[in-house]
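Novice: File start.txt follows (compact mmCIF, C-alpha atoms):
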# COMPACT_ATOMS: atom_id res chain seq x y z
CA ARG A 62 -166.51 99.92 -33.95
CA GLN A 63 -167.92 101.08 -37.29
CA LEU A 64 -171.40 100.00 -36.24
CA GLY A 65 -170.90 101.52 -32.79
CA GLU A 66 -169.80 104.82 -34.31
CA SER A 67 -172.82 104.77 -36.61
CA VAL A 68 -175.14 104.25 -33.65
CA CYS A 69 -173.51 107.12 -31.77
CA ARG A 70 -173.57 109.39 -34.78
CA ASP A 71 -177.27 108.82 -35.45
CA LEU A 72 -178.12 109.35 -31.79
CA GLY A 73 -175.81 112.33 -31.32
CA TYR A 74 -174.22 110.27 -28.57
CA PRO A 75 -170.40 110.42 -28.18
CA MET A 76 -168.60 107.09 -28.52
CA ALA A 77 -166.88 107.55 -25.15
CA ASP A 78 -170.26 108.07 -23.50
CA LEU A 79 -171.59 104.86 -25.03
CA LEU A 80 -168.63 102.89 -23.72
CA ARG A 81 -168.99 104.48 -20.28
CA SER A 82 -172.69 103.67 -20.23
CA LEU A 83 -171.90 100.02 -20.89
CA GLU A 84 -169.25 100.02 -18.15
CA SER A 85 -171.19 102.03 -15.55
CA PRO A 86 -172.68 100.37 -12.44
CA SER A 87 -176.39 99.61 -12.37
CA ASN A 88 -178.54 102.65 -11.72
CA PRO A 89 -181.32 101.73 -9.28
CA GLU A 90 -183.26 104.82 -10.30
CA PHE A 91 -184.35 103.19 -13.53
CA GLN A 92 -186.88 100.37 -13.40
CA SER A 93 -188.18 98.49 -16.40
CA SER A 94 -191.90 98.76 -16.88
CA ARG A 95 -191.85 95.21 -18.26
CA GLY A 96 -190.98 93.49 -15.02
CA GLY A 97 -187.27 94.25 -14.97
CA GLY A 98 -186.78 93.06 -18.53
CA GLY A 99 -186.61 89.43 -17.50
CA GLY A 100 -189.91 88.68 -19.16
CA GLY A 101 -191.02 85.11 -19.49
CA ARG A 102 -187.58 83.68 -20.16
CA GLN A 103 -186.58 80.72 -18.05
CA GLU A 104 -183.57 81.45 -15.88
CA LYS A 105 -180.95 78.74 -15.37
CA THR A 106 -178.05 78.52 -12.98
CA ALA A 107 -175.03 79.73 -14.91
CA SER A 108 -171.43 78.72 -14.62
CA ASN A 109 -168.98 81.30 -13.31
CA ARG A 110 -167.98 84.00 -15.72
CA SER A 111 -164.48 84.05 -17.09
CA GLU A 112 -162.04 85.92 -14.89
CA ASN A 113 -160.62 87.51 -18.00
CA PRO A 114 -163.56 88.94 -19.96
CA SER A 115 -161.19 90.50 -22.50
CA SER A 116 -159.79 87.15 -23.60
CA PRO A 117 -160.09 86.17 -27.29
CA HIS A 118 -163.54 85.20 -28.46
CA GLN A 119 -162.69 81.87 -30.05
CA ASN A 120 -165.41 80.26 -27.90
CA TYR A 121 -167.87 83.11 -28.36
CA LYS A 122 -171.16 81.55 -29.40
CA PRO A 123 -173.81 83.34 -31.44
CA PRO A 124 -177.06 83.93 -29.60
CA ALA A 125 -180.00 81.65 -30.15
CA GLU A 126 -182.78 82.56 -32.52
CA ILE A 127 -184.02 86.07 -31.97
CA SER A 128 -187.31 84.67 -30.67
CA ASP A 129 -185.33 83.65 -27.58
CA VAL A 130 -184.04 87.20 -27.16
CA ARG A 131 -187.45 88.71 -27.24
CA ARG A 132 -190.29 87.94 -24.89
CA ASN A 133 -192.51 86.75 -27.73
CA GLN A 134 -192.66 90.38 -28.75
CA GLU A 135 -194.58 89.52 -31.90
CA THR A 136 -197.49 88.20 -29.83
CA PRO A 137 -199.86 90.91 -28.56
CA ASP A 138 -200.74 90.45 -24.91
CA VAL A 139 -204.13 88.85 -24.45
CA VAL A 140 -206.30 91.10 -22.31
CA ALA A 141 -206.31 89.57 -18.84
CA GLU A 142 -209.61 91.19 -17.94
CA VAL A 143 -211.99 91.95 -20.77
CA GLN A 144 -212.84 95.63 -20.67
CA GLN A 145 -216.56 96.00 -20.15
CA SER A 146 -217.16 99.18 -22.12
CA ARG A 147 -220.39 101.06 -21.69
CA VAL A 148 -223.15 99.99 -24.03
CA ALA A 149 -225.91 102.46 -24.77
CA GLY A 150 -228.85 101.83 -22.50
CA SER A 151 -231.22 102.03 -25.47
CA ASP A 152 -229.44 99.14 -27.19
CA PRO A 153 -231.71 96.10 -26.93
CA ASN A 154 -228.62 93.87 -26.95
CA ALA A 155 -226.92 95.72 -24.09
CA GLN A 156 -227.77 93.21 -21.37
CA ARG A 157 -226.76 90.22 -23.47
CA VAL A 158 -223.46 91.89 -24.46
CA ALA A 159 -222.71 92.63 -20.79
CA GLU A 160 -223.39 88.99 -19.92
CA LEU A 161 -221.05 87.78 -22.67
CA LEU A 162 -218.31 90.13 -21.53
CA ARG A 163 -218.60 88.88 -17.97
CA ALA A 164 -218.46 85.31 -19.26
CA ALA A 165 -215.38 86.07 -21.35
CA ASP A 166 -213.72 87.72 -18.36
CA ALA A 167 -214.38 84.64 -16.20
CA GLU A 168 -213.16 82.28 -18.92
CA CYS A 169 -209.94 84.27 -19.34
CA SER A 170 -209.39 84.15 -15.58
CA ASN A 171 -209.87 80.35 -15.64
CA GLY A 172 -207.50 79.90 -18.57
CA ASN A 173 -210.27 78.91 -20.98
CA LEU A 174 -209.18 81.17 -23.83
CA SER A 175 -211.15 79.23 -26.43
CA GLY A 176 -214.35 79.81 -24.46
CA ALA A 177 -213.47 83.47 -23.99
CA CYS A 178 -212.93 83.80 -27.73
CA LYS A 179 -216.38 82.37 -28.48
CA SER A 180 -218.03 84.70 -25.96
CA LEU A 181 -216.25 87.72 -27.41
CA GLU A 182 -217.20 86.74 -30.96
CA LEU A 183 -220.86 86.67 -29.92
CA ALA A 184 -220.46 90.04 -28.17
CA ALA A 185 -218.76 91.52 -31.24
CA ASP A 186 -221.60 90.32 -33.47
CA LEU A 187 -224.13 92.02 -31.19
CA ASN A 188 -222.09 95.22 -30.79
CA PRO A 189 -219.86 95.59 -33.88
CA GLU A 190 -219.10 99.25 -33.08
CA ASN A 191 -217.28 98.51 -29.83
CA GLY A 192 -213.55 98.96 -30.42
CA GLU A 193 -212.50 97.47 -27.08
CA ILE A 194 -214.33 94.22 -27.79
CA ALA A 195 -212.74 94.09 -31.26
CA LYS A 196 -209.28 94.70 -29.80
CA SER A 197 -209.63 91.99 -27.15
CA LEU A 198 -211.03 89.51 -29.65
CA GLY A 199 -208.24 90.29 -32.12
CA ALA A 200 -205.64 89.56 -29.44
CA LEU A 201 -207.21 86.18 -28.66
CA LEU A 202 -207.49 85.25 -32.34
CA TYR A 203 -203.83 86.19 -32.77
CA ARG A 204 -202.99 83.85 -29.93
CA PHE A 205 -204.76 81.05 -31.81
CA GLU A 206 -202.85 82.07 -34.98
CA ASP A 207 -206.04 82.98 -36.82
CA PHE A 208 -204.25 85.98 -38.27
CA SER A 209 -206.76 86.86 -40.99
CA LYS A 210 -209.65 87.22 -38.55
CA ALA A 211 -207.38 88.94 -36.01
CA GLU A 212 -206.47 91.52 -38.65
CA GLN A 213 -210.16 92.18 -39.33
CA TYR A 214 -210.89 92.89 -35.67
CA PHE A 215 -207.73 94.96 -35.13
CA SER A 216 -208.77 97.04 -38.14
CA ILE A 217 -212.17 97.63 -36.54
CA ALA A 218 -210.46 98.58 -33.27
CA ALA A 219 -208.12 101.00 -35.07
CA ASP A 220 -211.08 102.58 -36.84
CA ARG A 221 -212.98 103.02 -33.57
CA ASN A 222 -209.99 104.07 -31.43
CA PRO A 223 -207.44 105.68 -33.80
CA GLU A 224 -205.68 107.47 -30.91
CA ASP A 225 -204.68 104.18 -29.22
CA PRO A 226 -201.05 103.35 -30.18
CA SER A 227 -201.38 99.72 -29.05
CA VAL A 228 -204.00 99.01 -31.72
CA TRP A 229 -201.66 100.15 -34.50
CA ILE A 230 -198.86 98.03 -33.04
CA GLN A 231 -201.09 94.94 -33.00
CA LEU A 232 -202.26 95.67 -36.52
CA ALA A 233 -198.64 95.99 -37.69
CA LEU A 234 -197.64 92.71 -36.06
CA VAL A 235 -200.53 90.74 -37.50
CA ASN A 236 -199.79 92.11 -40.98
CA MET A 237 -196.21 90.92 -40.60
CA ARG A 238 -197.51 87.44 -39.78
CA LEU A 239 -199.68 87.62 -42.89
CA ASP A 240 -196.54 88.33 -44.98
CA ARG A 241 -197.63 91.89 -45.67
CA ALA A 242 -194.26 93.38 -44.83
CA ASP A 243 -195.04 96.52 -46.83
CA LYS A 244 -197.67 97.47 -44.24
CA PHE A 245 -195.56 96.72 -41.17
CA GLU A 246 -193.48 99.89 -40.84
CA PRO A 247 -196.23 102.34 -41.96
CA LEU A 248 -198.53 100.96 -39.24
CA LEU A 249 -195.79 101.18 -36.61
CA THR A 250 -195.16 104.73 -37.76
CA LYS A 251 -198.77 105.56 -36.87
CA ALA A 252 -198.18 104.25 -33.36
CA LEU A 253 -194.94 106.22 -33.00
CA ASP A 254 -196.60 109.38 -34.31
CA LEU A 255 -199.01 109.06 -31.38
CA ASP A 256 -196.31 108.09 -28.87
CA PRO A 257 -192.71 108.59 -30.11
CA GLU A 258 -191.27 106.77 -27.09
CA ASN A 259 -193.62 103.78 -27.14
CA ARG A 260 -191.38 100.90 -26.16
CA ASP A 261 -193.51 98.17 -27.76
CA ALA A 262 -193.57 99.99 -31.09
CA LEU A 263 -189.82 100.62 -31.00
CA LYS A 264 -189.12 96.99 -30.10
CA ALA A 265 -191.35 95.68 -32.87
CA TRP A 266 -189.60 97.97 -35.35
CA ALA A 267 -186.15 96.90 -34.14
CA ASP A 268 -187.07 93.22 -34.09
CA GLY A 269 -188.35 93.47 -37.66
CA ALA A 270 -185.08 95.03 -38.78
CA LEU A 271 -183.03 92.39 -36.96
CA LEU A 272 -184.99 89.52 -38.49
CA LYS A 273 -184.22 91.02 -41.91
CA ASN A 274 -180.49 91.16 -41.01
CA ARG A 275 -180.51 94.95 -41.02
CA PHE A 276 -178.18 95.04 -38.06
CA GLU A 277 -177.22 98.70 -38.18
CA GLN A 278 -180.83 99.89 -38.28
CA ALA A 279 -181.78 97.47 -35.50
CA ALA A 280 -178.83 98.59 -33.36
CA ASN A 281 -179.86 102.22 -33.76
CA ILE A 282 -183.38 101.50 -32.55
CA TYR A 283 -182.33 99.23 -29.66
CA SER A 284 -179.88 101.92 -28.55
CA ARG A 285 -182.71 104.44 -28.59
CA ILE A 286 -184.77 102.13 -26.35
CA ILE A 287 -181.84 101.65 -23.97
CA ARG A 288 -181.34 105.39 -23.65
CA LEU A 289 -184.99 105.63 -22.57
CA HIS A 290 -184.91 102.46 -20.45
CA PRO A 291 -181.33 101.66 -19.37
CA ARG A 292 -182.37 98.47 -17.54
CA ASP A 293 -184.21 96.93 -20.50
CA VAL A 294 -182.49 93.54 -20.60
CA GLU A 295 -184.34 92.34 -23.70
CA SER A 296 -183.09 95.29 -25.73
CA LEU A 297 -179.56 94.92 -24.37
CA LEU A 298 -179.51 91.25 -25.41
CA ALA A 299 -180.82 92.12 -28.86
CA LEU A 300 -178.24 94.91 -29.19
CA GLY A 301 -175.55 92.36 -28.30
CA VAL A 302 -176.89 90.17 -31.12
CA CYS A 303 -176.56 93.09 -33.55
CA TYR A 304 -172.96 93.74 -32.51
CA PHE A 305 -172.07 90.06 -32.68
CA LYS A 306 -173.59 89.60 -36.13
CA SER A 307 -171.60 92.64 -37.28
CA ASN A 308 -168.35 91.19 -35.85
CA GLU A 309 -168.21 94.03 -33.32
CA PHE A 310 -167.09 91.67 -30.57
CA GLU A 311 -165.86 94.29 -28.11
CA PHE A 312 -169.20 96.09 -28.17
CA ALA A 313 -171.01 92.76 -27.95
CA ARG A 314 -168.92 91.73 -24.92
CA ARG A 315 -169.59 95.01 -23.11
CA THR A 316 -173.30 94.76 -23.87
CA PHE A 317 -173.65 91.20 -22.57
CA GLU A 318 -171.65 92.16 -19.46
CA LYS A 319 -174.11 94.98 -18.91
CA VAL A 320 -176.93 92.42 -18.99
CA LEU A 321 -175.23 90.46 -16.22
CA GLU A 322 -175.17 93.54 -14.00
CA PHE A 323 -178.97 93.41 -14.01
CA GLU A 324 -179.46 89.63 -14.28
CA PRO A 325 -176.33 87.81 -13.05
CA GLN A 326 -177.71 84.43 -14.10
CA ASN A 327 -178.99 85.38 -17.54
CA GLN A 328 -178.07 82.27 -19.51
CA MET A 329 -177.89 83.87 -22.94
CA ALA A 330 -175.46 86.53 -21.77
CA VAL A 331 -173.36 83.96 -19.91
CA ASP A 332 -173.20 81.60 -22.90
CA ASN A 333 -172.07 84.34 -25.25
CA LEU A 334 -169.42 85.67 -22.88
CA ASN A 335 -168.02 82.17 -22.45
With the file now loaded, output its structure as structure tokens.
Specialist:
Amino acid sequence: RQLGESVCRDLGYPMADLLRSLESPSNPEFQSSRGGGGGGRQEKTASNRSENPSSPHQNYKPPAEISDVRRNQETPDVVAEVQQSRVAGSDPNAQRVAELLRAADAECSNGNLSGACKSLELAADLNPENGEIAKSLGALLYRFEDFSKAEQYFSIAADRNPEDPSVWIQLALVNMRLDRADKFEPLLTKALDLDPENRDALKAWADGALLKNRFEQAANIYSRIIRLHPRDVESLLALGVCYFKSNEFEFARRTFEKVLEFEPQNQMAVDNLN
């Protein structure tokens, strides 16, 4: 309750309203922009929920690692279709760059990410000023866990396209993977300055706090996301983790029950309620 009251106080959100929001029926008006919040998690057939959800929590199990809660949030999405930005017609390399971009696009479509990465590296060498090429290449290098080179290309992309929040998010995430935690929040702040309601930036910020066991800060941010996106199952699960880790079992129970309103067979929510 102390954590719940802190969340409500920081949000200016009455405690009774928070409890009602967790108890209220699903609102079909709200749709998650991330595919209903289910993400890439594997769904399993769950056993029936307890008929008495208010029973003691002696069998209440802590959630799995937070990486299971999130949909690999720390991994920037690899561009499905390489953006073929305009190259100045006077550039003698323009035709070759266009060919490499088409090749990278085809290789991505065929699942050959290594080949796409090589094509993009050649294109980036020929056109080092193109921020979109740098951003796409950085995402692929991140996927291959070449974080140092990914950071170089994300930095180029941020320099070329400073008004793009997603570049600052990717740059923040890769710095976290490089153990440069001091740069993580300042870079996310740049993204949130551009788009204060950017869900990816808020989730990255909340996930970082949760991984550092800063449960109150993480709960505040997840609650902010849920107010913006009430059907965001990933954030509801993570908020349940925060409540559980803080021994706020009643809030955790209500949060996991809310998940089951949207995804009745969500295994993580079922396991924790049982």
Novice: In file coordinates, which residues lie within 10 Å of (-184.1, 94.8, -34.1) using all atoms listed in the file, given as a list in words?
Specialist: Ile127, Arg131, Leu263, Lys264, Ala265, Trp266, Ala267, Asp268, Gly269, Ala270, Leu271, Leu272, Lys273, Asn274, Arg275, Phe276, Glu277, Gln278, Ala279, Ala280, Asn281, Ile282, Tyr283, Ser284, Ser296, Ala299, Leu300, Val302 and Cys303 of chain A
Novice: Please list as a ChimeraX atom specification every residue within 8 Å of stretch 255-259 of chain A, counting all atoms listed in the file and excluding residues in the same chain fewer than 5 positions away.
Specialist: /A:224-226,289
Novice: Atom CA of A:Thr250 and atom CA of A:Thr316 are how many Å apart?
Specialist: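 Computed distance, atom CA of A:Thr250 to atom CA of A:Thr316, equals 27.8 Å.
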Novice: Would you mind listing what lies within 8 Å of A:Tyr304 as number ranges by chain, with all atoms listed in the file counted and same-chain residues fewer than 5 positions away left out?
Specialist: A: 64, 276, 280, 309-310, 312-313
Novice: What is the distance, in Å and to one decimal place, between atom CA of A:Arg292 and atom CA of A:Glu322?
Specialist: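 These atoms are spaced 9.4 Å apart.
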Novice: Which residue out of A:Arg288, A:Arg260, A:Lys179, A:Lys251 has the minimum interatomic distance to A:Leu198 when all atoms listed in the file are used?
Specialist: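 Between A:Arg288, A:Arg260, A:Lys179, A:Lys251, the residue approaching A:Leu198 most closely is A:Lys179.
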Novice: Work out how far atom CA of A:Asp207 is from atom CA of A:Ile230, in Å to one decimal.
Specialist: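 Atom-to-atom, atom CA of A:Ile230 and atom CA of A:Asp207 are spaced 17.1 Å apart.
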Novice: What's the 9 Å shell around A:Ser175, counting only C-alpha atoms, without same-chain residues fewer than 6 positions away, as a list in words?
Specialist: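 Returned residues: Glu168, Cys169, Leu201 and Phe205 of chain A.
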